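Data block for data_10.cif (mmCIF, N, CA and C atoms):
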data_entry
#
loop_
_atom_site.label_atom_id
_atom_site.label_comp_id
_atom_site.auth_asym_id
_atom_site.auth_seq_id
_atom_site.Cartn_x
_atom_site.Cartn_y
_atom_site.Cartn_z
N MET M 728 -11.04 -28.37 -69.82
CA MET M 728 -11.99 -28.52 -68.74
C MET M 728 -11.24 -28.46 -67.41
N ALA M 729 -11.74 -27.71 -66.44
CA ALA M 729 -11.10 -27.57 -65.13
C ALA M 729 -11.29 -28.84 -64.32
N PRO M 730 -10.28 -29.20 -63.51
CA PRO M 730 -10.42 -30.39 -62.68
C PRO M 730 -11.49 -30.17 -61.61
N ALA M 731 -12.09 -31.27 -61.15
CA ALA M 731 -13.08 -31.18 -60.09
C ALA M 731 -12.42 -30.54 -58.87
N ASP M 732 -13.20 -29.78 -58.13
CA ASP M 732 -12.67 -29.03 -56.99
C ASP M 732 -11.89 -29.91 -56.02
N ASP M 733 -12.36 -31.14 -55.80
CA ASP M 733 -11.68 -32.02 -54.85
C ASP M 733 -10.45 -32.69 -55.46
N ALA M 734 -10.19 -32.48 -56.74
CA ALA M 734 -9.02 -33.05 -57.39
C ALA M 734 -7.90 -32.03 -57.56
N VAL M 735 -8.16 -30.78 -57.18
CA VAL M 735 -7.16 -29.71 -57.31
C VAL M 735 -6.04 -29.94 -56.30
N LEU M 736 -4.81 -29.88 -56.78
CA LEU M 736 -3.65 -29.97 -55.89
C LEU M 736 -3.19 -28.57 -55.55
N TYR M 737 -2.95 -28.34 -54.29
CA TYR M 737 -2.39 -27.07 -53.82
C TYR M 737 -0.94 -27.33 -53.45
N ARG M 738 -0.06 -26.41 -53.87
CA ARG M 738 1.37 -26.54 -53.58
C ARG M 738 1.90 -25.23 -53.01
N MET M 739 2.81 -25.37 -52.04
CA MET M 739 3.51 -24.21 -51.54
C MET M 739 4.45 -23.72 -52.65
N ALA M 740 4.72 -22.43 -52.68
CA ALA M 740 5.70 -21.90 -53.64
C ALA M 740 7.03 -22.61 -53.42
N ARG M 741 7.87 -22.61 -54.43
CA ARG M 741 9.18 -23.27 -54.30
C ARG M 741 9.89 -22.79 -53.05
N ALA M 742 10.43 -23.70 -52.28
CA ALA M 742 11.09 -23.37 -51.01
C ALA M 742 12.19 -22.33 -51.20
N GLU M 743 12.92 -22.42 -52.30
CA GLU M 743 14.02 -21.47 -52.52
C GLU M 743 13.51 -20.06 -52.84
N SER M 744 12.23 -19.92 -53.12
CA SER M 744 11.68 -18.60 -53.39
C SER M 744 11.10 -17.95 -52.13
N LEU M 745 11.14 -18.67 -51.00
CA LEU M 745 10.58 -18.15 -49.75
C LEU M 745 11.64 -18.06 -48.67
N SER M 746 11.55 -17.01 -47.90
CA SER M 746 12.36 -16.89 -46.69
C SER M 746 11.37 -16.63 -45.57
N ILE M 747 11.32 -17.55 -44.59
CA ILE M 747 10.31 -17.48 -43.53
C ILE M 747 11.00 -17.26 -42.19
N VAL M 748 10.53 -16.24 -41.47
CA VAL M 748 11.03 -15.94 -40.12
C VAL M 748 9.82 -15.91 -39.19
N HIS M 749 9.88 -16.73 -38.14
CA HIS M 749 8.79 -16.79 -37.17
C HIS M 749 8.99 -15.72 -36.09
N LEU M 750 7.96 -14.91 -35.88
CA LEU M 750 8.01 -13.78 -34.95
C LEU M 750 6.82 -13.87 -34.00
N ASP M 751 6.98 -14.56 -32.90
CA ASP M 751 5.88 -14.76 -31.95
C ASP M 751 4.66 -15.34 -32.67
N SER M 752 3.54 -14.62 -32.67
CA SER M 752 2.33 -15.15 -33.30
C SER M 752 2.27 -14.88 -34.80
N PHE M 753 3.23 -14.13 -35.34
CA PHE M 753 3.30 -13.84 -36.76
C PHE M 753 4.46 -14.59 -37.40
N SER M 754 4.37 -14.78 -38.69
CA SER M 754 5.51 -15.22 -39.49
C SER M 754 5.68 -14.22 -40.62
N ALA M 755 6.91 -13.81 -40.86
CA ALA M 755 7.22 -12.95 -41.99
C ALA M 755 7.70 -13.85 -43.12
N VAL M 756 7.05 -13.75 -44.25
CA VAL M 756 7.40 -14.57 -45.40
C VAL M 756 7.81 -13.66 -46.54
N TYR M 757 9.10 -13.67 -46.87
CA TYR M 757 9.59 -12.90 -48.01
C TYR M 757 9.49 -13.79 -49.23
N HIS M 758 8.74 -13.33 -50.22
CA HIS M 758 8.53 -14.07 -51.47
C HIS M 758 9.43 -13.45 -52.53
N ARG M 759 10.54 -14.11 -52.80
CA ARG M 759 11.54 -13.56 -53.71
C ARG M 759 10.98 -13.28 -55.10
N ASP M 760 10.10 -14.13 -55.58
CA ASP M 760 9.56 -13.96 -56.94
C ASP M 760 8.80 -12.65 -57.10
N SER M 761 8.10 -12.22 -56.05
CA SER M 761 7.32 -10.98 -56.15
C SER M 761 8.02 -9.81 -55.47
N GLY M 762 9.00 -10.11 -54.59
CA GLY M 762 9.67 -9.05 -53.85
C GLY M 762 8.85 -8.51 -52.70
N ILE M 763 7.80 -9.25 -52.31
CA ILE M 763 6.90 -8.79 -51.27
C ILE M 763 7.11 -9.63 -50.00
N THR M 764 7.08 -8.94 -48.86
CA THR M 764 7.10 -9.63 -47.57
C THR M 764 5.68 -9.66 -47.03
N HIS M 765 5.22 -10.84 -46.67
CA HIS M 765 3.87 -11.03 -46.14
C HIS M 765 3.98 -11.33 -44.65
N LEU M 766 3.13 -10.72 -43.84
CA LEU M 766 3.00 -11.08 -42.44
C LEU M 766 1.78 -11.96 -42.32
N ILE M 767 1.99 -13.19 -41.87
CA ILE M 767 0.89 -14.14 -41.80
C ILE M 767 0.76 -14.68 -40.37
N THR M 768 -0.44 -15.12 -40.04
CA THR M 768 -0.70 -15.73 -38.74
C THR M 768 -1.39 -17.07 -38.98
N ALA M 769 -1.56 -17.81 -37.89
CA ALA M 769 -2.23 -19.11 -37.97
C ALA M 769 -3.58 -18.94 -38.66
N PRO M 770 -3.92 -19.83 -39.52
CA PRO M 770 -3.30 -21.11 -39.83
C PRO M 770 -2.39 -21.09 -41.06
N ALA M 771 -2.08 -19.91 -41.58
CA ALA M 771 -1.29 -19.84 -42.83
C ALA M 771 0.09 -20.50 -42.71
N PRO M 772 0.88 -20.26 -41.66
CA PRO M 772 2.18 -20.94 -41.58
C PRO M 772 2.04 -22.46 -41.51
N GLU M 773 1.01 -22.91 -40.80
CA GLU M 773 0.77 -24.34 -40.70
C GLU M 773 0.35 -24.94 -42.05
N ILE M 774 -0.43 -24.18 -42.80
CA ILE M 774 -0.84 -24.64 -44.14
C ILE M 774 0.40 -24.77 -45.02
N LEU M 775 1.26 -23.75 -45.02
CA LEU M 775 2.46 -23.80 -45.85
C LEU M 775 3.35 -24.98 -45.45
N ALA M 776 3.56 -25.16 -44.15
CA ALA M 776 4.42 -26.24 -43.67
C ALA M 776 3.86 -27.60 -44.03
N THR M 777 2.56 -27.74 -43.98
CA THR M 777 1.93 -29.03 -44.27
C THR M 777 1.90 -29.31 -45.76
N LEU M 778 1.61 -28.30 -46.57
CA LEU M 778 1.54 -28.50 -48.02
C LEU M 778 2.88 -28.92 -48.61
N GLY M 779 3.90 -28.15 -48.30
CA GLY M 779 5.19 -28.40 -48.93
C GLY M 779 5.07 -28.23 -50.44
N GLU M 780 6.14 -28.56 -51.14
CA GLU M 780 6.15 -28.40 -52.60
C GLU M 780 5.47 -29.55 -53.32
N ALA M 781 5.35 -30.71 -52.65
CA ALA M 781 4.71 -31.86 -53.29
C ALA M 781 3.24 -31.60 -53.52
N GLY M 782 2.61 -30.90 -52.57
CA GLY M 782 1.21 -30.53 -52.70
C GLY M 782 0.27 -31.62 -52.27
N MET M 783 -0.98 -31.22 -52.09
CA MET M 783 -2.04 -32.15 -51.73
C MET M 783 -3.39 -31.51 -52.02
N THR M 784 -4.40 -32.35 -52.01
CA THR M 784 -5.76 -31.84 -52.22
C THR M 784 -6.23 -31.14 -50.95
N ARG M 785 -7.29 -30.36 -51.09
CA ARG M 785 -7.83 -29.66 -49.93
C ARG M 785 -8.31 -30.65 -48.87
N ALA M 786 -8.94 -31.74 -49.29
CA ALA M 786 -9.43 -32.74 -48.33
C ALA M 786 -8.27 -33.38 -47.58
N ALA M 787 -7.20 -33.73 -48.29
CA ALA M 787 -6.03 -34.33 -47.64
C ALA M 787 -5.37 -33.33 -46.71
N LEU M 788 -5.31 -32.07 -47.12
CA LEU M 788 -4.71 -31.04 -46.29
C LEU M 788 -5.52 -30.86 -45.01
N LEU M 789 -6.83 -30.80 -45.13
CA LEU M 789 -7.69 -30.63 -43.95
C LEU M 789 -7.51 -31.80 -42.99
N GLU M 790 -7.44 -32.99 -43.53
CA GLU M 790 -7.24 -34.18 -42.69
C GLU M 790 -5.91 -34.11 -41.95
N ARG M 791 -4.84 -33.75 -42.65
CA ARG M 791 -3.51 -33.66 -42.04
C ARG M 791 -3.45 -32.54 -41.00
N LEU M 792 -4.03 -31.38 -41.32
CA LEU M 792 -4.04 -30.27 -40.36
C LEU M 792 -4.81 -30.66 -39.10
N ALA M 793 -5.95 -31.31 -39.28
CA ALA M 793 -6.77 -31.73 -38.14
C ALA M 793 -6.00 -32.71 -37.26
N ARG M 794 -5.24 -33.59 -37.87
CA ARG M 794 -4.46 -34.57 -37.12
C ARG M 794 -3.26 -33.93 -36.43
N ASP M 795 -2.49 -33.14 -37.18
CA ASP M 795 -1.23 -32.60 -36.65
C ASP M 795 -1.42 -31.42 -35.70
N TYR M 796 -2.51 -30.68 -35.85
CA TYR M 796 -2.72 -29.49 -35.04
C TYR M 796 -3.97 -29.57 -34.18
N ALA M 797 -4.56 -30.74 -34.07
CA ALA M 797 -5.73 -30.97 -33.20
C ALA M 797 -6.81 -29.91 -33.40
N LEU M 798 -7.22 -29.72 -34.65
CA LEU M 798 -8.27 -28.74 -34.95
C LEU M 798 -9.61 -29.28 -34.45
N GLY M 799 -10.25 -28.52 -33.63
CA GLY M 799 -11.56 -28.92 -33.14
C GLY M 799 -12.67 -28.50 -34.07
N ASP M 800 -12.41 -27.50 -34.90
CA ASP M 800 -13.45 -26.94 -35.76
C ASP M 800 -13.03 -26.94 -37.23
N ALA M 801 -12.43 -28.03 -37.67
CA ALA M 801 -11.97 -28.13 -39.06
C ALA M 801 -13.15 -27.92 -40.01
N ASP M 802 -13.00 -27.00 -40.93
CA ASP M 802 -14.08 -26.62 -41.84
C ASP M 802 -13.52 -26.46 -43.24
N THR M 803 -14.04 -27.23 -44.19
CA THR M 803 -13.53 -27.21 -45.55
C THR M 803 -13.74 -25.85 -46.24
N ASP M 804 -14.84 -25.16 -45.93
CA ASP M 804 -15.09 -23.85 -46.55
C ASP M 804 -14.11 -22.80 -46.04
N VAL M 805 -13.81 -22.84 -44.76
CA VAL M 805 -12.83 -21.90 -44.19
C VAL M 805 -11.46 -22.18 -44.77
N LEU M 806 -11.10 -23.46 -44.90
CA LEU M 806 -9.81 -23.81 -45.49
C LEU M 806 -9.73 -23.33 -46.93
N ARG M 807 -10.81 -23.47 -47.68
CA ARG M 807 -10.83 -22.99 -49.06
C ARG M 807 -10.56 -21.49 -49.11
N GLU M 808 -11.16 -20.74 -48.20
CA GLU M 808 -10.93 -19.29 -48.15
C GLU M 808 -9.46 -18.98 -47.86
N ARG M 809 -8.87 -19.66 -46.89
CA ARG M 809 -7.44 -19.43 -46.57
C ARG M 809 -6.56 -19.80 -47.76
N LEU M 810 -6.87 -20.91 -48.41
CA LEU M 810 -6.07 -21.31 -49.58
C LEU M 810 -6.21 -20.29 -50.70
N ASP M 811 -7.42 -19.78 -50.94
CA ASP M 811 -7.62 -18.76 -51.96
C ASP M 811 -6.79 -17.51 -51.66
N GLU M 812 -6.72 -17.13 -50.37
CA GLU M 812 -5.91 -15.97 -49.99
C GLU M 812 -4.43 -16.24 -50.26
N LEU M 813 -3.96 -17.44 -49.91
CA LEU M 813 -2.57 -17.77 -50.13
C LEU M 813 -2.23 -17.87 -51.62
N VAL M 814 -3.18 -18.35 -52.42
CA VAL M 814 -2.98 -18.40 -53.87
C VAL M 814 -2.87 -16.98 -54.41
N ALA M 815 -3.72 -16.08 -53.92
CA ALA M 815 -3.70 -14.68 -54.39
C ALA M 815 -2.36 -14.01 -54.08
N THR M 816 -1.68 -14.40 -53.01
CA THR M 816 -0.40 -13.81 -52.66
C THR M 816 0.76 -14.43 -53.43
N GLY M 817 0.52 -15.59 -54.04
CA GLY M 817 1.60 -16.31 -54.74
C GLY M 817 2.36 -17.28 -53.86
N LEU M 818 1.97 -17.39 -52.58
CA LEU M 818 2.66 -18.31 -51.68
C LEU M 818 2.23 -19.75 -51.89
N VAL M 819 1.06 -19.93 -52.52
CA VAL M 819 0.52 -21.25 -52.85
C VAL M 819 0.03 -21.20 -54.28
N SER M 820 0.14 -22.33 -54.97
CA SER M 820 -0.40 -22.41 -56.34
C SER M 820 -1.35 -23.60 -56.43
N ARG M 821 -2.21 -23.53 -57.44
CA ARG M 821 -3.13 -24.64 -57.74
C ARG M 821 -2.62 -25.38 -58.95
N ALA M 822 -2.82 -26.69 -58.94
CA ALA M 822 -2.43 -27.49 -60.11
C ALA M 822 -3.55 -28.41 -60.50
#

Represent the supplied structure as structure tokens.
Amino acid sequence: MAPADDAVLYRMARAESLSIVHLDSFSAVYHRDSGITHLITAPAPEILATLGEAGMTRAALLERLARDYALGDADTDVLRERLDELVATGLVSRA
């Protein structure tokens, strides 16, 4: 049985598998496991930095992002979409 949506933990890929270079409004993320370099923009770098390898639920992540980055329009559905995109790239995993 799948865990309830609010119980899913999201984790950044292992730090040693990522090489991140910040380039103005973009970040280049080389994912060693796939051999692909991704160009990402806000809020993806902030999501990765906040998640870390320990991981957190979507609700906890939204709360932390809203606090640390002063989000005026924090939206759980938008965050779910961004997380789904990051999961599809392999930069984030679900547990």

Next on the checklist: From a backbone DSSP assignment, name each residue in chain M labelled helix (DSSP H, G or I), as a PyMOL selection string.
Outcome noted: chain M and resi 732-734+742-744+771-778+785-796+803-816

Next on the checklist: Selection in question (the file shown): the PyMOL selection byres (((chain M and resi 768 and name CA) around 10) and name CA). Which residues does it include, as JSON, numbers by chain?
Outcome noted: {"M": [749, 750, 751, 752, 753, 754, 755, 765, 766, 767, 769, 770, 771, 772, 773]}

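Distance annotation: of M:Val756, M:Ser820, M:Glu780, M:Ala797, the residue with the minimal separation from Ala742 (chain M) is M:Glu780; atom set is only C-alpha atoms.
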
Item to check | Option closest in space to Val735 (chain M), from M:Met783, M:Leu792, M:Leu778, M:Ala801 [counting all atoms listed in the file] | outcome: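 Looking at the shortest contact to Val735 (chain M), the residue is M:Met783.
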
Checklist entry - Residues at most 8 Å from Leu775 (chain M), counting only N, CA and C atoms, excluding those fewer than 6 positions away in the same chain, as number ranges by chain? => result M: 738-740, 818-819

Please dump the current selection as a PDB file, in the coordinates of the input; keep N, CA and C atoms.
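What landed in out_9.pdb:
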ATOM      1  N   ARG M 738      -0.060 -26.410 -53.870  1.00  0.00           N
ATOM      2  CA  ARG M 738       1.370 -26.540 -53.580  1.00  0.00           C
ATOM      3  C   ARG M 738       1.900 -25.230 -53.010  1.00  0.00           C
ATOM      4  N   MET M 739       2.810 -25.370 -52.040  1.00  0.00           N
ATOM      5  CA  MET M 739       3.510 -24.210 -51.540  1.00  0.00           C
ATOM      6  C   MET M 739       4.450 -23.720 -52.650  1.00  0.00           C
ATOM      7  N   ALA M 740       4.720 -22.430 -52.680  1.00  0.00           N
ATOM      8  CA  ALA M 740       5.700 -21.900 -53.640  1.00  0.00           C
ATOM      9  C   ALA M 740       7.030 -22.610 -53.420  1.00  0.00           C
ATOM     10  N   LEU M 818       1.970 -17.390 -52.580  1.00  0.00           N
ATOM     11  CA  LEU M 818       2.660 -18.310 -51.680  1.00  0.00           C
ATOM     12  C   LEU M 818       2.230 -19.750 -51.890  1.00  0.00           C
ATOM     13  N   VAL M 819       1.060 -19.930 -52.520  1.00  0.00           N
ATOM     14  CA  VAL M 819       0.520 -21.250 -52.850  1.00  0.00           C
ATOM     15  C   VAL M 819       0.030 -21.200 -54.280  1.00  0.00           C
TER      16      VAL M 819
END

Checklist entry - Of the candidates M:Glu812, M:Glu743, M:Asp760, M:Asp733, which one gets nearest to Leu789 (chain M) if we count only C-alpha atoms? => result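 Nearest candidate to Leu789 (chain M) out of M:Glu812, M:Glu743, M:Asp760, M:Asp733: M:Asp733.
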
Checklist entry - Which distance in Å separates atom N of Ala734 (chain M) and CA of Thr816 (chain M), to one decimal? => result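 One can read the atom N of Ala734 (chain M) to CA of Thr816 (chain M) distance as 21.5 Å.
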
Checklist entry - Once the PyMOL selection byres (((chain M and resi 759 and name CA) around 9) and name CA) has been applied to the shown file, what residues remain in the selection, as a PyMOL selection string? => result chain M and resi 743-746+757-758+760-764
